[in-house]
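Undergrad: Hey, dropping target_7.cif in here, mmCIF, C-alpha atoms:
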```
data_upload
#
loop_
_atom_site.label_atom_id
_atom_site.label_comp_id
_atom_site.auth_asym_id
_atom_site.auth_seq_id
_atom_site.Cartn_x
_atom_site.Cartn_y
_atom_site.Cartn_z
CA MET Z 1 -33.28 121.66 -216.81
CA THR Z 2 -35.81 122.01 -214.01
CA LEU Z 3 -39.52 122.32 -214.67
CA ARG Z 4 -39.32 125.96 -213.61
CA ASP Z 5 -36.45 126.62 -216.04
CA TRP Z 6 -38.45 125.02 -218.85
CA MET Z 7 -41.55 127.08 -218.11
CA GLU Z 8 -39.61 130.34 -217.95
CA SER Z 9 -37.90 129.50 -221.25
CA ARG Z 10 -41.30 129.04 -222.90
CA LEU Z 11 -42.73 132.44 -221.95
CA SER Z 12 -43.15 134.71 -224.97
CA GLU Z 13 -41.61 137.66 -223.15
CA SER Z 14 -39.32 138.11 -220.18
CA THR Z 15 -41.20 138.19 -216.88
CA VAL Z 16 -39.81 138.78 -213.40
CA ILE Z 17 -40.42 135.72 -211.21
CA ALA Z 18 -39.09 135.70 -207.64
CA GLN Z 19 -36.23 133.25 -207.26
CA THR Z 20 -37.58 132.03 -203.92
CA ASP Z 21 -41.14 130.99 -203.22
CA ARG Z 22 -42.13 133.36 -200.44
CA HIS Z 23 -44.23 130.74 -198.66
CA ILE Z 24 -41.46 128.15 -198.75
CA HIS Z 25 -39.06 130.80 -197.46
CA GLY Z 26 -41.47 131.61 -194.65
CA LEU Z 27 -41.81 127.93 -193.65
CA VAL Z 28 -38.11 127.10 -193.89
CA THR Z 29 -36.92 130.21 -192.06
CA ARG Z 30 -39.92 130.18 -189.72
CA ASN Z 31 -40.43 133.88 -190.44
CA ARG Z 32 -44.05 133.47 -191.44
CA LYS Z 33 -46.31 130.48 -191.81
CA PRO Z 34 -48.89 130.84 -194.62
CA THR Z 35 -52.50 130.90 -193.51
CA GLN Z 36 -54.91 128.21 -194.64
CA LEU Z 37 -56.56 130.69 -197.00
CA GLU Z 38 -53.17 131.60 -198.52
CA GLU Z 39 -52.42 127.90 -198.97
CA ARG Z 40 -55.78 127.45 -200.66
CA ALA Z 41 -55.11 130.37 -203.04
CA GLU Z 42 -51.66 129.09 -204.04
CA LEU Z 43 -52.99 125.56 -204.63
CA TYR Z 44 -55.80 126.98 -206.74
CA LYS Z 45 -53.34 128.81 -209.00
CA GLY Z 46 -51.86 125.47 -210.05
CA SER Z 47 -55.14 123.61 -210.37
CA ARG Z 48 -57.13 122.45 -213.37
CA ALA Z 49 -59.91 124.77 -212.18
CA MET Z 50 -57.50 127.71 -212.61
CA ALA Z 51 -56.74 126.60 -216.18
CA GLU Z 52 -60.47 126.50 -216.93
CA LEU Z 53 -60.91 129.92 -215.28
CA LEU Z 54 -58.23 131.44 -217.53
CA GLU Z 55 -59.86 129.85 -220.58
CA ARG Z 56 -63.22 131.40 -219.64
CA PHE Z 57 -61.50 134.76 -219.08
CA VAL Z 58 -60.05 134.75 -222.62
CA ASP Z 59 -63.32 133.44 -224.10
CA GLU Z 60 -65.13 136.34 -222.45
CA ARG Z 61 -62.68 138.79 -223.99
CA LYS Z 62 -63.25 137.18 -227.39
CA ARG Z 63 -67.01 137.63 -227.02
CA ASP Z 64 -66.33 141.26 -226.17
CA VAL Z 65 -64.53 141.59 -229.53
CA LEU Z 66 -67.58 140.40 -231.45
CA GLN Z 67 -69.92 142.60 -229.42
CA GLY Z 68 -67.70 145.67 -229.71
CA ALA Z 69 -66.77 145.32 -233.38
CA THR Z 70 -67.52 148.30 -235.61
CA SER Z 71 -67.32 149.01 -239.30
CA ILE Z 72 -63.88 150.09 -240.54
CA LEU Z 73 -63.66 153.31 -242.51
CA ALA Z 74 -60.61 153.76 -244.73
CA PRO Z 75 -60.29 157.15 -246.42
CA THR Z 76 -58.21 156.73 -249.58
CA THR Z 77 -57.04 160.12 -250.77
CA GLU Z 78 -55.41 158.46 -253.74
CA LEU Z 79 -58.89 157.55 -255.08
CA ASN Z 80 -60.51 160.65 -253.60
CA ARG Z 81 -63.20 158.60 -251.82
CA LYS Z 82 -63.86 156.54 -248.67
CA VAL Z 83 -63.99 152.76 -248.40
CA VAL Z 84 -66.01 151.02 -245.67
CA LEU Z 85 -65.78 147.46 -244.40
CA PRO Z 86 -69.26 146.92 -242.94
CA LYS Z 87 -69.74 145.79 -239.36
CA ALA Z 88 -71.21 142.45 -240.47
CA ASP Z 89 -68.08 141.71 -242.51
CA VAL Z 90 -65.83 142.79 -239.61
CA ILE Z 91 -67.67 140.40 -237.25
CA GLN Z 92 -67.44 137.55 -239.76
CA LEU Z 93 -63.69 138.02 -240.26
CA ALA Z 94 -63.21 138.27 -236.48
CA ARG Z 95 -65.23 135.11 -235.85
CA GLU Z 96 -63.12 133.18 -238.39
CA ALA Z 97 -59.89 134.37 -236.77
CA LEU Z 98 -60.85 133.86 -233.12
CA ASN Z 99 -60.21 130.12 -233.09
CA ARG Z 100 -56.55 131.05 -232.59
CA PRO Z 101 -54.75 132.50 -229.55
CA TRP Z 102 -55.81 136.11 -228.92
CA ASN Z 103 -52.88 138.09 -230.33
CA SER Z 104 -52.30 135.63 -233.17
CA ALA Z 105 -55.98 135.87 -234.10
CA ARG Z 106 -55.72 139.64 -234.00
CA ARG Z 107 -52.87 139.62 -236.53
CA VAL Z 108 -54.77 137.28 -238.85
CA PHE Z 109 -57.90 139.43 -238.58
CA ALA Z 110 -56.00 142.67 -239.25
CA ASN Z 111 -54.41 141.17 -242.35
CA ASP Z 112 -57.77 139.84 -243.58
CA ALA Z 113 -59.40 143.25 -242.97
CA VAL Z 114 -56.69 145.00 -244.99
CA ASN Z 115 -57.19 142.56 -247.87
CA ALA Z 116 -60.97 143.02 -247.73
CA LEU Z 117 -60.65 146.82 -247.80
CA GLN Z 118 -58.20 146.72 -250.70
CA LYS Z 119 -60.59 144.50 -252.62
CA ARG Z 120 -63.51 146.85 -251.96
CA ALA Z 121 -61.44 149.86 -253.01
CA GLY Z 122 -60.17 148.09 -256.10
CA LEU Z 123 -56.65 148.93 -255.02
CA GLY Z 124 -55.15 145.57 -255.97
CA ARG Z 125 -51.37 145.82 -255.72
CA THR Z 126 -51.12 149.61 -255.85
CA GLY Z 127 -48.86 149.67 -252.81
CA ILE Z 128 -51.19 151.85 -250.71
CA ASP Z 129 -50.71 150.73 -247.07
CA LEU Z 130 -54.03 150.38 -245.26
CA ALA Z 131 -52.54 148.49 -242.29
CA PRO Z 132 -52.12 151.61 -240.05
CA ILE Z 133 -55.74 152.59 -240.72
CA VAL Z 134 -56.98 149.11 -239.80
CA GLU Z 135 -54.76 148.98 -236.73
CA ASN Z 136 -56.13 152.28 -235.48
CA ALA Z 137 -59.71 151.18 -236.14
CA ILE Z 138 -59.54 147.83 -234.31
CA ALA Z 139 -57.58 149.08 -231.29
CA SER Z 140 -60.83 150.17 -229.62
CA PHE Z 141 -62.47 146.73 -229.66
CA TRP Z 142 -59.55 144.33 -230.05
CA PRO Z 143 -56.48 145.51 -228.11
CA GLN Z 144 -53.22 143.61 -227.99
CA LEU Z 145 -52.87 141.87 -224.62
CA ARG Z 146 -49.73 141.14 -222.61
CA PHE Z 147 -50.15 138.05 -220.47
CA ALA Z 148 -48.39 139.32 -217.32
CA GLN Z 149 -50.41 142.54 -217.19
CA GLU Z 150 -53.69 140.75 -217.90
CA TYR Z 151 -52.97 138.08 -215.28
CA ARG Z 152 -52.29 140.67 -212.60
CA ARG Z 153 -55.37 142.74 -213.50
CA PHE Z 154 -57.60 139.67 -213.63
CA LEU Z 155 -56.54 138.33 -210.23
CA LYS Z 156 -57.14 141.72 -208.66
CA ASN Z 157 -60.71 141.83 -210.01
CA THR Z 158 -62.52 139.78 -207.37
CA GLY Z 159 -65.91 140.22 -209.02
CA ARG Z 160 -64.77 138.67 -212.30
CA LEU Z 161 -62.93 135.90 -210.44
CA ILE Z 162 -66.15 134.92 -208.68
CA SER Z 163 -68.37 135.19 -211.76
CA LEU Z 164 -66.02 133.36 -214.12
CA GLY Z 165 -64.85 130.92 -211.46
CA ARG Z 166 -68.41 129.74 -211.00
CA GLU Z 167 -68.52 127.33 -208.06
CA SER Z 168 -64.72 127.00 -207.79
CA VAL Z 169 -64.14 130.56 -206.51
CA ASP Z 170 -65.95 132.03 -203.51
CA SER Z 171 -65.48 135.50 -202.05
CA ASP Z 172 -62.79 134.38 -199.58
CA LEU Z 173 -60.72 132.67 -202.27
CA ALA Z 174 -61.13 135.63 -204.64
CA ALA Z 175 -59.88 138.00 -201.94
CA ALA Z 176 -56.93 135.72 -201.19
CA LEU Z 177 -56.00 135.50 -204.88
CA ALA Z 178 -56.17 139.28 -205.18
CA MET Z 179 -53.96 139.73 -202.10
CA SER Z 180 -51.45 137.15 -203.36
CA ILE Z 181 -50.59 138.99 -206.54
CA GLY Z 182 -48.96 142.11 -205.06
CA ASN Z 183 -48.51 145.43 -206.83
CA ASP Z 184 -47.16 146.06 -210.30
CA ALA Z 185 -43.62 146.62 -209.02
CA GLU Z 186 -43.39 143.26 -207.21
CA PRO Z 187 -42.14 140.12 -208.94
CA PHE Z 188 -44.54 137.24 -209.36
CA ASN Z 189 -44.25 134.35 -206.94
CA SER Z 190 -43.01 131.07 -208.42
CA THR Z 191 -46.49 129.58 -207.87
CA ASP Z 192 -47.81 132.08 -210.46
CA LEU Z 193 -45.50 130.79 -213.19
CA PRO Z 194 -47.67 127.88 -214.48
CA ALA Z 195 -50.75 130.11 -214.72
CA LEU Z 196 -48.74 132.86 -216.41
CA LEU Z 197 -47.50 130.43 -219.07
CA TYR Z 198 -50.98 128.97 -219.51
CA LEU Z 199 -52.43 132.44 -220.10
CA ASP Z 200 -49.52 133.28 -222.39
CA ARG Z 201 -50.46 130.29 -224.55
CA LEU Z 202 -54.08 131.44 -224.68
CA LEU Z 203 -52.92 134.84 -225.92
CA ASN Z 204 -49.91 134.02 -228.12
CA LEU Z 205 -49.07 131.26 -230.59
CA HIS Z 206 -46.50 128.83 -229.14
CA PRO Z 207 -44.92 126.22 -231.45
CA LYS Z 208 -45.26 122.75 -229.92
CA GLN Z 209 -41.95 121.22 -228.87
CA GLY Z 210 -43.25 117.73 -229.67
CA PHE Z 211 -41.77 115.64 -226.87
CA GLN Z 212 -42.12 111.95 -227.67
CA HIS Z 213 -42.05 110.90 -224.01
CA ILE Z 214 -42.09 112.95 -220.81
CA VAL Z 215 -40.88 111.66 -217.43
CA VAL Z 216 -42.07 113.50 -214.32
CA ASP Z 217 -40.44 112.61 -211.00
CA GLU Z 218 -41.43 113.90 -207.55
CA ALA Z 219 -44.90 114.41 -209.01
CA GLN Z 220 -46.35 115.14 -205.57
CA ASP Z 221 -44.72 118.57 -205.91
CA VAL Z 222 -45.99 119.18 -209.48
CA SER Z 223 -49.29 120.98 -210.02
CA PRO Z 224 -52.03 119.80 -212.40
CA MET Z 225 -51.48 123.02 -214.37
CA GLU Z 226 -47.84 122.05 -214.95
CA ILE Z 227 -48.90 118.63 -216.23
CA LEU Z 228 -51.36 120.34 -218.60
CA LEU Z 229 -48.55 122.56 -219.92
CA LEU Z 230 -46.35 119.52 -220.52
CA LYS Z 231 -49.23 117.77 -222.29
CA GLN Z 232 -49.51 120.71 -224.67
CA ASP Z 233 -45.91 120.16 -225.74
CA SER Z 234 -46.25 116.38 -226.07
CA SER Z 235 -46.50 114.93 -229.56
CA ASN Z 236 -48.39 111.82 -228.46
CA GLY Z 237 -49.43 112.14 -224.78
CA SER Z 238 -46.82 109.60 -223.65
CA PHE Z 239 -45.88 110.09 -219.97
CA THR Z 240 -44.25 108.34 -217.04
CA ILE Z 241 -45.27 110.08 -213.81
CA MET Z 242 -43.80 109.03 -210.46
CA GLY Z 243 -44.16 110.37 -206.96
CA ASP Z 244 -44.99 109.75 -203.32
CA ILE Z 245 -47.62 112.00 -201.77
CA ARG Z 246 -46.30 111.07 -198.33
CA GLN Z 247 -43.10 112.93 -199.25
CA SER Z 248 -44.98 116.18 -199.90
CA LEU Z 249 -43.43 118.99 -197.85
CA PHE Z 250 -45.32 122.13 -198.72
CA PRO Z 251 -49.04 122.57 -198.07
CA HIS Z 252 -49.45 125.16 -200.86
CA ARG Z 253 -47.83 123.27 -203.74
CA GLY Z 254 -48.36 120.14 -205.79
CA ILE Z 255 -51.17 117.65 -205.37
CA LYS Z 256 -52.97 116.14 -202.40
CA GLN Z 257 -54.31 113.05 -204.18
CA TRP Z 258 -53.49 111.21 -207.40
CA ARG Z 259 -56.85 111.80 -209.05
CA GLU Z 260 -55.83 115.44 -209.52
CA ILE Z 261 -53.44 114.10 -212.16
CA THR Z 262 -55.31 111.01 -213.43
CA THR Z 263 -58.35 113.11 -214.32
CA LEU Z 264 -56.13 115.00 -216.78
CA PHE Z 265 -55.75 111.73 -218.75
CA GLN Z 266 -59.38 110.59 -218.77
CA ARG Z 267 -59.46 110.38 -222.57
CA THR Z 268 -56.13 108.55 -222.66
CA GLU Z 269 -55.43 104.92 -221.89
CA TYR Z 270 -53.13 104.76 -218.89
CA VAL Z 271 -51.99 102.26 -216.28
CA GLN Z 272 -51.55 103.23 -212.63
CA TYR Z 273 -49.21 101.21 -210.43
CA GLU Z 274 -48.80 101.52 -206.68
CA SER Z 275 -45.75 100.24 -204.85
CA PRO Z 276 -46.76 99.52 -201.25
CA VAL Z 277 -43.22 98.56 -200.23
CA SER Z 278 -40.33 100.90 -199.43
CA TYR Z 279 -37.30 99.27 -201.08
CA ARG Z 280 -34.77 102.00 -200.32
CA SER Z 281 -34.38 101.60 -196.58
CA THR Z 282 -33.90 98.69 -194.23
CA ALA Z 283 -36.92 97.37 -192.39
CA GLN Z 284 -35.76 99.06 -189.18
CA ILE Z 285 -35.49 102.50 -190.80
CA THR Z 286 -38.84 102.16 -192.62
CA ARG Z 287 -40.67 101.13 -189.45
CA PHE Z 288 -39.21 104.05 -187.51
CA ALA Z 289 -39.99 106.54 -190.29
CA ASN Z 290 -43.57 105.23 -190.34
CA ARG Z 291 -43.92 106.10 -186.66
CA ILE Z 292 -43.14 109.70 -187.61
CA LEU Z 293 -45.44 109.52 -190.64
CA ARG Z 294 -48.39 108.43 -188.49
CA GLN Z 295 -48.17 111.72 -186.59
CA LEU Z 296 -48.98 113.64 -189.78
CA PRO Z 297 -52.48 114.28 -191.16
CA GLY Z 298 -53.51 111.19 -193.11
CA GLY Z 299 -50.22 109.46 -192.28
CA SER Z 300 -51.89 106.43 -190.69
CA SER Z 301 -53.99 105.52 -193.72
CA ASN Z 302 -51.41 103.98 -196.03
CA PRO Z 303 -47.84 103.87 -194.66
CA PRO Z 304 -45.24 102.06 -196.79
CA GLU Z 305 -44.50 98.45 -195.96
CA ALA Z 306 -41.01 97.59 -194.81
CA TYR Z 307 -38.96 95.51 -197.24
CA HIS Z 308 -37.54 92.33 -195.71
CA ARG Z 309 -33.98 93.64 -195.60
CA GLU Z 310 -32.82 93.76 -192.03
CA GLY Z 311 -30.31 96.24 -190.64
CA LEU Z 312 -29.36 98.24 -187.59
CA ALA Z 313 -31.91 100.09 -185.52
CA PRO Z 314 -31.67 103.90 -185.61
CA THR Z 315 -29.39 105.27 -182.89
CA PHE Z 316 -29.81 108.33 -180.67
CA VAL Z 317 -26.87 110.28 -179.25
CA MET Z 318 -27.42 113.21 -176.89
CA ALA Z 319 -24.57 115.67 -176.29
CA PRO Z 320 -24.17 118.37 -173.62
CA ASN Z 321 -23.68 121.12 -176.25
CA ASN Z 322 -23.34 121.71 -179.99
CA GLU Z 323 -19.55 121.45 -179.98
CA ALA Z 324 -19.71 118.05 -178.33
CA MET Z 325 -22.46 117.04 -180.75
CA ILE Z 326 -20.29 117.85 -183.79
CA SER Z 327 -17.40 115.91 -182.24
CA ALA Z 328 -19.67 112.89 -181.72
CA ILE Z 329 -20.94 113.13 -185.29
CA ALA Z 330 -17.34 113.25 -186.57
CA LYS Z 331 -16.50 110.04 -184.71
CA GLN Z 332 -19.59 108.36 -186.13
CA VAL Z 333 -18.76 109.43 -189.70
CA GLN Z 334 -15.23 108.06 -189.31
CA SER Z 335 -16.58 104.78 -187.95
CA LEU Z 336 -18.94 104.43 -190.90
CA ARG Z 337 -16.32 104.83 -193.62
CA PRO Z 338 -13.14 102.81 -192.90
CA GLY Z 339 -12.11 101.20 -196.19
CA ARG Z 340 -15.63 101.41 -197.57
CA ASP Z 341 -17.18 103.35 -200.41
CA VAL Z 342 -20.00 104.69 -198.26
CA THR Z 343 -21.99 107.88 -198.79
CA VAL Z 344 -22.85 109.78 -195.62
CA ALA Z 345 -25.15 112.79 -195.33
CA VAL Z 346 -25.18 114.97 -192.23
CA LEU Z 347 -28.53 116.74 -192.47
CA HIS Z 348 -29.75 119.60 -190.30
CA ARG Z 349 -32.66 122.04 -190.01
CA TRP Z 350 -31.16 125.45 -190.80
CA ALA Z 351 -29.23 126.50 -193.91
CA ARG Z 352 -27.04 128.76 -191.77
CA ASP Z 353 -25.59 125.70 -189.97
CA ARG Z 354 -24.20 124.09 -193.13
CA GLY Z 355 -20.82 125.78 -193.03
CA VAL Z 356 -20.44 125.54 -189.25
CA ILE Z 357 -21.02 121.78 -189.19
CA ALA Z 358 -18.84 121.14 -192.26
CA LYS Z 359 -15.94 123.11 -190.75
CA GLY Z 360 -16.42 121.39 -187.41
CA LEU Z 361 -16.25 117.93 -188.97
CA THR Z 362 -13.11 118.86 -190.91
CA ALA Z 363 -11.51 120.21 -187.72
CA CYS Z 364 -12.28 116.88 -186.05
CA GLY Z 365 -10.39 114.99 -188.75
CA VAL Z 366 -13.15 114.00 -191.19
CA GLU Z 367 -11.68 114.13 -194.68
CA ASP Z 368 -13.23 115.36 -197.91
CA VAL Z 369 -16.34 117.00 -196.46
CA THR Z 370 -18.39 119.17 -198.83
CA THR Z 371 -21.66 121.02 -198.51
CA LEU Z 372 -24.82 119.84 -200.23
CA GLU Z 373 -26.26 122.53 -202.47
CA SER Z 374 -29.70 122.65 -204.05
CA GLY Z 375 -29.75 121.35 -207.61
CA GLU Z 376 -26.05 120.40 -207.61
CA PRO Z 377 -24.52 116.89 -207.65
CA MET Z 378 -22.70 115.45 -204.65
CA ARG Z 379 -19.05 116.47 -204.73
CA SER Z 380 -17.79 113.97 -202.15
CA LYS Z 381 -18.83 110.92 -200.17
CA VAL Z 382 -19.52 112.98 -197.04
CA VAL Z 383 -21.92 115.90 -197.46
CA VAL Z 384 -23.47 118.39 -195.07
CA GLY Z 385 -26.68 120.25 -195.85
CA PRO Z 386 -30.24 121.14 -194.81
CA VAL Z 387 -32.77 118.33 -194.88
CA ILE Z 388 -34.84 120.16 -197.49
CA VAL Z 389 -31.94 120.13 -199.99
CA ALA Z 390 -31.69 116.33 -199.73
CA LYS Z 391 -35.18 115.87 -201.17
CA GLY Z 392 -35.02 113.28 -203.96
CA LEU Z 393 -31.58 112.00 -202.87
CA GLU Z 394 -30.47 108.92 -200.95
CA PHE Z 395 -27.39 107.95 -198.96
CA ASP Z 396 -25.94 104.83 -197.39
CA ALA Z 397 -26.05 106.51 -193.98
CA VAL Z 398 -27.89 109.59 -192.76
CA ILE Z 399 -27.04 111.50 -189.61
CA LEU Z 400 -29.71 113.97 -188.54
CA ALA Z 401 -27.96 116.66 -186.52
CA GLY Z 402 -29.51 119.00 -183.97
CA VAL Z 403 -32.83 117.20 -183.64
CA ASN Z 404 -33.91 119.09 -180.53
CA ASP Z 405 -37.28 120.67 -179.85
CA SER Z 406 -36.14 124.20 -180.71
CA ASN Z 407 -34.94 123.23 -184.19
CA TYR Z 408 -37.91 120.93 -184.84
CA LEU Z 409 -41.14 122.22 -183.37
CA ASP Z 410 -44.15 120.03 -182.75
CA GLU Z 411 -45.69 121.26 -186.01
CA GLU Z 412 -46.58 119.59 -189.29
CA PHE Z 413 -43.84 121.13 -191.44
CA ASP Z 414 -41.01 120.26 -189.04
CA THR Z 415 -42.38 116.74 -188.61
CA ARG Z 416 -42.45 116.37 -192.41
CA LEU Z 417 -38.81 117.47 -192.53
CA LEU Z 418 -37.86 114.76 -190.04
CA TYR Z 419 -39.77 112.15 -192.03
CA LEU Z 420 -38.03 113.31 -195.19
CA GLY Z 421 -34.62 113.10 -193.51
CA CYS Z 422 -35.25 109.58 -192.22
CA THR Z 423 -36.33 108.29 -195.63
CA ARG Z 424 -33.07 109.44 -197.28
CA ALA Z 425 -31.17 106.60 -195.51
CA ARG Z 426 -30.55 103.22 -197.12
CA HIS Z 427 -28.69 101.30 -194.41
CA GLU Z 428 -28.10 103.40 -191.30
CA LEU Z 429 -29.89 106.24 -189.55
CA HIS Z 430 -28.52 108.20 -186.59
CA PHE Z 431 -29.80 111.13 -184.53
CA HIS Z 432 -27.65 113.64 -182.66
CA TRP Z 433 -28.75 116.58 -180.53
CA SER Z 434 -28.21 118.65 -177.42
CA GLY Z 435 -31.07 119.86 -175.24
CA ARG Z 436 -34.48 118.20 -175.39
CA LEU Z 437 -35.26 115.75 -178.20
CA ALA Z 438 -37.90 116.86 -180.72
CA GLN Z 439 -41.41 115.84 -179.68
CA SER Z 440 -42.14 113.82 -182.84
CA LEU Z 441 -39.01 111.75 -182.24
CA ILE Z 442 -39.98 111.17 -178.61
CA VAL Z 443 -43.30 109.83 -179.83
CA ALA Z 444 -41.64 107.74 -182.54
CA LYS Z 445 -39.28 106.19 -179.98
CA GLY Z 446 -42.30 105.23 -177.92
CA GLN Z 447 -41.28 107.40 -174.98
CA ARG Z 448 -43.84 109.37 -173.05
CA SER Z 449 -43.67 113.13 -173.54
CA VAL Z 450 -42.70 115.17 -170.49
#
```
Using C-alpha cells, write down the structure from this file.
TA:
Amino acid sequence: MTLRDWMESRLSESTVIAQTDRHIHGLVTRNRKPTQLEERAELYKGSRAMAELLERFVDERKRDVLQGATSILAPTTELNRKVVLPKADVIQLAREALNRPWNSARRVFANDAVNALQKRAGLGRTGIDLAPIVENAIASFWPQLRFAQEYRRFLKNTGRLISLGRESVDSDLAAALAMSIGNDAEPFNSTDLPALLYLDRLLNLHPKQGFQHIVVDEAQDVSPMEILLLKQDSSNGSFTIMGDIRQSLFPHRGIKQWREITTLFQRTEYVQYESPVSYRSTAQITRFANRILRQLPGGSSNPPEAYHREGLAPTFVMAPNNEAMISAIAKQVQSLRPGRDVTVAVLHRWARDRGVIAKGLTACGVEDVTTLESGEPMRSKVVVGPVIVAKGLEFDAVILAGVNDSNYLDEEFDTRLLYLGCTRARHELHFHWSGRLAQSLIVAKGQRSV
C-alpha cells in the first residue's frame, strides 16, 4: 500500500482526489511549469505550519460554539409545561465535550443535553424523545462539519488564512492557496490529501491503528504533515525514516532539509545517521553523476562520495536518427547480457516513447523486453520506461536513451531527471542520442558548450 492509498483509506468519507498531481503532470509533460508562488503554496499545504493553521481554525470554531451557545427550550406536551436548560449549563456541557474532535464532541454534548433536560423535566425513562428538540436547538451554534467542504471554504477565505496563519501566511501565499483549491466541482489535488485527512481527524474521531514500527523510504518526497499523520497512528513513536534530499525531483513536494522532519520528534529520543558514501554505483558512475548534481541549486554543497569500487566509465553513443539510435541500443543490450543474469533498464524522457522503444528493441532481436510501469514490479530482466518511473529502483546497467537537448532542456527539472537516471545504475551507464547532446551532459563531460 502506498502512503496515498493509506491516507485515502483513513478518510471518514469518500472524497474525490485527482489521480495525477497537476503540477507533476505539468512538469513531466512540459505543458505548464508551476510558478514559484504555486510551489510555495503546495509546500505549505504539507507543512507543520499548515497543521497548526488547521488546529487554530478548529479551535476558533470551538470558541464560536461557546460564544454562540443559547439556552435550550424543550416544550413537553406530555407534562403540559416547558423545560429549559439554561445557557450557563449549555456552555458548561459544551466546554466538557469540546476536548474531543468537533463532530464527536457534538454528539457527546447532544446526548448530555438530552439527559440534563430529562432530569430537569423529571421524565426519567418515560420514553419521550427529546433528541430532535436538542438537535434543532444546537444546529444554530454548533453545526455538523464535513471536512472536505470546510477545507475548501477555509482555503478560499484569504482573510482568515492570514489572521489564523499569523506570520506563516502573507497575502501572496493566502491568494495562492485560494487559487490552488479550485471550485466545488473540481477534484482536490493530491497535495491536498494530507491536509484533508488532518482536518478530518480534528473533526471526527479516528481509532488509532497502533503501528508498532513505521518505516518511511524516499522521505525526501514525504511532507511533514504526512509524518504527523503517521505519528498519530503509531502506538509508540517508533520510526525508521530514510531518504536522500539530492534525489528530490519536484519543487512543490516533500522536504527541502532534514530539520523539517527532525523537529517533529523534538520530544522523542532519536538518532540521525548520514551516509556520505554512495554504495550503489561504481566510482566512475558516482563521479559522473556528481558532475550533473553540481549543476543543480545546492548540488555542490554535499555531493556523495564515490565508493572504492572501480568500473567502466560511462559511454556516449551518438546516432544519425532515432531508428539508428534504437538499433545501437539493441546491440548494447545484447552485449551486456550474454550468459549473465543482468538487469538492464532503457530509460527515456517521455512516457509516449515507452512502447516505441520496446517494440524497436524486440524487432532488433532483443528477447524478453517489457515496459516499466509505475508501482509495478519488474517483469523481465530488460525493461523500458520513463526515468521518473525508475525512481527508487536500481539496475545492473542503465541506458539513457534520447538524451538530446530537445528532450532534456537546460532547466532544473530535466537536469534532476538525468541525475536520477544516472544514479539508478550499479555497474554500467550508457548514453544514446541523436541531434545535440543535452547541455547538462555536455557540462558533465567537461566539454565546452557551443
Undergrad: Under the rule that only C-alpha atoms are counted, which of Z:Asn183, Z:Pro101, Z:Leu3, Z:Ala148 is the nearest residue to Val215 of chain Z?
TA: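 Ranked by minimum distance to Val215 of chain Z, first place goes to Z:Leu3.
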Undergrad: Closest to Ala74 of chain Z among Z:Glu52, Z:Asp21, Z:Asp129, Z:Glu186, using all atoms listed in the file?
TA: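 Checking each of Z:Glu52, Z:Asp21, Z:Asp129, Z:Glu186 against Ala74 of chain Z, counting all atoms listed in the file, the winner is Z:Asp129.
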Undergrad: Run the PyMOL selection byres ((chain Z and resi 63) around 12) against the file shown and list the residues it catches, as a PyMOL selection string.
TA: chain Z and resi 56-62+64-69+91+94-95+98-99+102+141-142
Undergrad: Write the residues of the preceding selection, restricted to C-alpha atoms, as a PDB file, in the coordinates of the input.
TA:
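And here's selection_13.pdb as it stands now:
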```
ATOM      1  CA  ARG Z  56     -63.220 131.400-219.640  1.00  0.00           C
ATOM      2  CA  PHE Z  57     -61.500 134.760-219.080  1.00  0.00           C
ATOM      3  CA  VAL Z  58     -60.050 134.750-222.620  1.00  0.00           C
ATOM      4  CA  ASP Z  59     -63.320 133.440-224.100  1.00  0.00           C
ATOM      5  CA  GLU Z  60     -65.130 136.340-222.450  1.00  0.00           C
ATOM      6  CA  ARG Z  61     -62.680 138.790-223.990  1.00  0.00           C
ATOM      7  CA  LYS Z  62     -63.250 137.180-227.390  1.00  0.00           C
ATOM      8  CA  ASP Z  64     -66.330 141.260-226.170  1.00  0.00           C
ATOM      9  CA  VAL Z  65     -64.530 141.590-229.530  1.00  0.00           C
ATOM     10  CA  LEU Z  66     -67.580 140.400-231.450  1.00  0.00           C
ATOM     11  CA  GLN Z  67     -69.920 142.600-229.420  1.00  0.00           C
ATOM     12  CA  GLY Z  68     -67.700 145.670-229.710  1.00  0.00           C
ATOM     13  CA  ALA Z  69     -66.770 145.320-233.380  1.00  0.00           C
ATOM     14  CA  ILE Z  91     -67.670 140.400-237.250  1.00  0.00           C
ATOM     15  CA  ALA Z  94     -63.210 138.270-236.480  1.00  0.00           C
ATOM     16  CA  ARG Z  95     -65.230 135.110-235.850  1.00  0.00           C
ATOM     17  CA  LEU Z  98     -60.850 133.860-233.120  1.00  0.00           C
ATOM     18  CA  ASN Z  99     -60.210 130.120-233.090  1.00  0.00           C
ATOM     19  CA  TRP Z 102     -55.810 136.110-228.920  1.00  0.00           C
ATOM     20  CA  PHE Z 141     -62.470 146.730-229.660  1.00  0.00           C
ATOM     21  CA  TRP Z 142     -59.550 144.330-230.050  1.00  0.00           C
TER      22      TRP Z 142
END
```
Undergrad: Atom CA of Glu428 of chain Z to atom CA of Arg352 of chain Z: how many Å, to one decimal?
TA: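 Atom CA of Arg352 of chain Z lies at a distance of 25.4 Å from atom CA of Glu428 of chain Z.
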Undergrad: Would you kindly identify which residues have an atom no farther than 12 Å from (-41.8, 127.7, -194.2), using all atoms listed in the file and the file's own coordinates, and write them out as JSON, numbers by chain?
TA: {"Z": [20, 21, 22, 23, 24, 25, 26, 27, 28, 29, 30, 31, 32, 33, 34, 35, 39, 249, 250, 251, 252, 349, 350, 388, 411, 412, 413, 414, 416, 417]}
Undergrad: Calculated over all atoms listed in the file, which of the candidates Z:Arg287, Z:Leu205, Z:Leu361, Z:Thr240 has the smallest distance to Arg107 of chain Z?
TA: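 Smallest distance to Arg107 of chain Z is found for Z:Leu205.
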Undergrad: Which neighbours of segment 302-317 of chain Z fall inside 9 Å, counting all atoms listed in the file, when residues of the same chain fewer than 4 positions from it are skipped, and could you give them as a PyMOL selection string?
TA: chain Z and resi 246+275-288+290+293-294+298+325+328-329+427-434
Undergrad: Apply the PyMOL selection byres ((chain Z and resi 331) around 12) to the file shown and report the selected residues as a list of chain:residue names.
TA: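 Checked against the file, the PyMOL selection byres ((chain Z and resi 331) around 12) matches Z:Val317, Z:Ala324, Z:Met325, Z:Ile326, Z:Ser327, Z:Ala328, Z:Ile329, Z:Ala330, Z:Gln332, Z:Val333, Z:Gln334, Z:Ser335, Z:Leu336, Z:Arg337, Z:Pro338, Z:Gly360, Z:Leu361, Z:Thr362, Z:Ala363, Z:Cys364, Z:Gly365, Z:Val366, Z:Glu367, Z:Ile399, Z:His432.
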